[in-house]
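Novice: Supplied in structure tokens, the structure appears directly below.
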Amino acid sequence: MPEQAKVVLITGASSGLGRACAAHLAAKEYIVFGTSRQPAAMPVGVQPIALDVTNDASVEQAVTAVLKRAPRIDVLVNNAGMGIAGPIEETTVEEAKRQFEVNFFGVMRLCQQVIPVMREQGNGRIINVSSMAGVVGLPFQGLYSASKFAMEGFSEALRFELDPFNIQVVVVQPGDFRTRFTASRRVVADAFASPVYGALFQRVLQRFEAEENSGANPQLVAELLHRIILAKSPRFRYRVGAWFQRFYVGLRPFLPEKFFANLIATHYGLR
């Protein structure tokens with residue numbers, strides 16, 4: 001099958017990084033299926049599929065809908081995600097569950113539906129969009145980081161399990177990009193009014209938002225995704241984003257833990 005005829009399924013493709021990736025691959029003449037709870041918002045050339053990644057039946061129906069229109073699924077891009085911000089102490093278990101339902105169990109649901117398809121066809125590639133926050137636990141985004149750390153471990157185990165079936169697993173770790181993620185971030189109830197954390201949380205959140213709003217162009221992720229699809233033997237992990245974020249994350253294995261913690265705390269105004 002020619003590269004341009006490869007079938008790509010991208011979750012969360014109506015906005016942000018997913019939209020940029022879907023539009024870029026469609027322009028390269030791939031057969032692109034984009035999922036969203038609002039499928040009408042897809043870019044030109046992307047075939048829309050309604051999907052709620054938190055719902056088992058919705059995931060099964062979405063994959064079935066793709067296979068009715070295409071003979072195979074060559075690439076699955078698990079991009080759909082959301083963020084919850086707030087103090088861990090004041091985050092409810094229900095809020096934490098919502099974070100994991102989207103960012104972790106959503107990925108698991110898609111993989112469990114698509115892997116049998118790839119195994120039967122004899123090959124495939126699963127690309128899980130994690131985050132640099134899946135390498136460094138970020139203050140006041142603890143549950144978001146936890147969901148991405150979980151995705152990292154899940155992806156690493158899955159990589160080994162699927163290797164005998166010629167199915168490759170790749171993790172992409174974006175830094176901050178200019179997307180709707182900032183505006184759509186959920187804040188823990190009463191986090192701003194907290195007598196313990198309120199002022200500190202507001203200061204750190206402003207730093208997050210400033211870096212996101214001045215972040216890189218999502219097209220960088222789209223171009224990286226295309227290179228990963230084209231690669232005969234892709235790496236397991238790729239980082240993409242601002243140089244200083246990639247630098248910090250890359251330094252972590254080589255620095256004393258206390259020194260690295262001081263860097264992060266100072267960067268976010270906690271010291």
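Here, A, B, ... name the chains of the structure tokens in the order displayed, residue numbers run from 1 inside each chain, and ligands are numbered from 1 in the same displayed order.
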Can you tell me which residues surround stretch 262-268 of chain A at a distance of at most 10 Å, considering only C-alpha atoms, apart from same-chain residues fewer than 6 positions away, and format the answer as a ChimeraX atom specification?
Specialist: /A:136-139,200,203-208,248
Novice: Run DSSP on the backbone and give me the residues of stretch 25-263 of chain A it puts in helix (DSSP H, G or I), as a PyMOL selection string.
Specialist: chain A and resi 25-27+39-41+56-69+88-90+93-121+132-134+142-165+181-184+198-213+219-230+243-254+257-263
Novice: Residues at most 6 Å from stretch 82-95 of chain A, counting only C-alpha atoms, excluding those fewer than 4 positions away in the same chain, as a PDB file with N, CA, C and O atoms, in the first residue's frame?
Specialist:
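Heads up, here's the output in around24.pdb:
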ATOM      1  N   PHE A 140       0.489  21.640  40.897  1.00  0.00           N
ATOM      2  CA  PHE A 140      -0.901  22.020  40.631  1.00  0.00           C
ATOM      3  C   PHE A 140      -1.444  21.447  39.331  1.00  0.00           C
ATOM      4  O   PHE A 140      -2.526  21.815  38.897  1.00  0.00           O
ATOM      5  N   GLN A 141      -0.686  20.550  38.711  1.00  0.00           N
ATOM      6  CA  GLN A 141      -1.214  19.735  37.620  1.00  0.00           C
ATOM      7  C   GLN A 141      -0.879  18.270  37.907  1.00  0.00           C
ATOM      8  O   GLN A 141      -0.562  17.501  37.014  1.00  0.00           O
ATOM      9  N   TYR A 144      -2.998  15.604  36.115  1.00  0.00           N
ATOM     10  CA  TYR A 144      -2.663  15.574  34.691  1.00  0.00           C
ATOM     11  C   TYR A 144      -1.336  14.839  34.499  1.00  0.00           C
ATOM     12  O   TYR A 144      -1.224  13.945  33.666  1.00  0.00           O
ATOM     13  N   ARG A 185      -8.892  24.002  29.928  1.00  0.00           N
ATOM     14  CA  ARG A 185      -8.432  23.357  31.161  1.00  0.00           C
ATOM     15  C   ARG A 185      -9.477  23.524  32.271  1.00  0.00           C
ATOM     16  O   ARG A 185     -10.033  24.604  32.468  1.00  0.00           O
ATOM     17  N   ARG A 186      -9.745  22.459  32.984  1.00  0.00           N
ATOM     18  CA  ARG A 186     -10.671  22.510  34.109  1.00  0.00           C
ATOM     19  C   ARG A 186      -9.905  22.812  35.395  1.00  0.00           C
ATOM     20  O   ARG A 186      -8.796  22.311  35.594  1.00  0.00           O
ATOM     21  N   VAL A 187     -10.512  23.609  36.236  1.00  0.00           N
ATOM     22  CA  VAL A 187      -9.883  23.973  37.507  1.00  0.00           C
ATOM     23  C   VAL A 187     -10.666  23.320  38.638  1.00  0.00           C
ATOM     24  O   VAL A 187     -11.905  23.322  38.636  1.00  0.00           O
ATOM     25  N   VAL A 188      -9.962  22.728  39.558  1.00  0.00           N
ATOM     26  CA  VAL A 188     -10.580  22.101  40.720  1.00  0.00           C
ATOM     27  C   VAL A 188     -11.503  23.105  41.410  1.00  0.00           C
ATOM     28  O   VAL A 188     -11.163  24.288  41.571  1.00  0.00           O
ATOM     29  N   ALA A 191     -10.561  26.151  43.896  1.00  0.00           N
ATOM     30  CA  ALA A 191      -9.099  26.213  44.009  1.00  0.00           C
ATOM     31  C   ALA A 191      -8.620  27.641  44.219  1.00  0.00           C
ATOM     32  O   ALA A 191      -7.708  27.898  45.008  1.00  0.00           O
TER      33      ALA A 191
END
Novice: Report as a ChimeraX atom specification all protein, DNA and RNA residues lying within 12 Å of A:Trp243, evaluated on only C-alpha atoms, omitting residues in the same chain fewer than 5 positions from it.
Specialist: /A:174-176,215-216,248-250
Novice: If you run DSSP over the backbone, which residues in stretch 64-228 of chain A end up strand (DSSP E or B)? Put them as a list in words.
Specialist: Val75, Leu76, Val77, Asn78, Ile84, Ala85, Gly124, Arg125, Ile126, Ile127, Asn128, Val129, Ile167, Gln168, Val169, Val170, Val171, Val172, Gln173, Pro174, Phe177, Arg186, Val187 and Ala216 of chain A
Novice: Could you jot down the atom CA of A:Ser147 to atom CA of A:Met132 separation for me, Å, one decimal place?
Specialist: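 Going from atom CA of A:Ser147 over to atom CA of A:Met132 covers 11.9 Å.
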Novice: Which residues of stretch 125-209 of chain A come within 9 Å of stretch 56-78 of chain A, and for each one, what is the closest pair of atoms and their distance in Å to one decimal, counting only C-alpha atoms, sorted by chain and residue number, as a Markdown table?
Specialist:
| residue | atom | partner | partner_atom | distance |
| --- | --- | --- | --- | --- |
| A:Arg125 | CA | A:Val75 | CA | 4.8 |
| A:Ile126 | CA | A:Leu76 | CA | 4.8 |
| A:Ile127 | CA | A:Val77 | CA | 4.8 |
| A:Asn128 | CA | A:Asn78 | CA | 4.8 |
| A:Val129 | CA | A:Asn78 | CA | 5.9 |
| A:Ser130 | CA | A:Asn78 | CA | 8.8 |
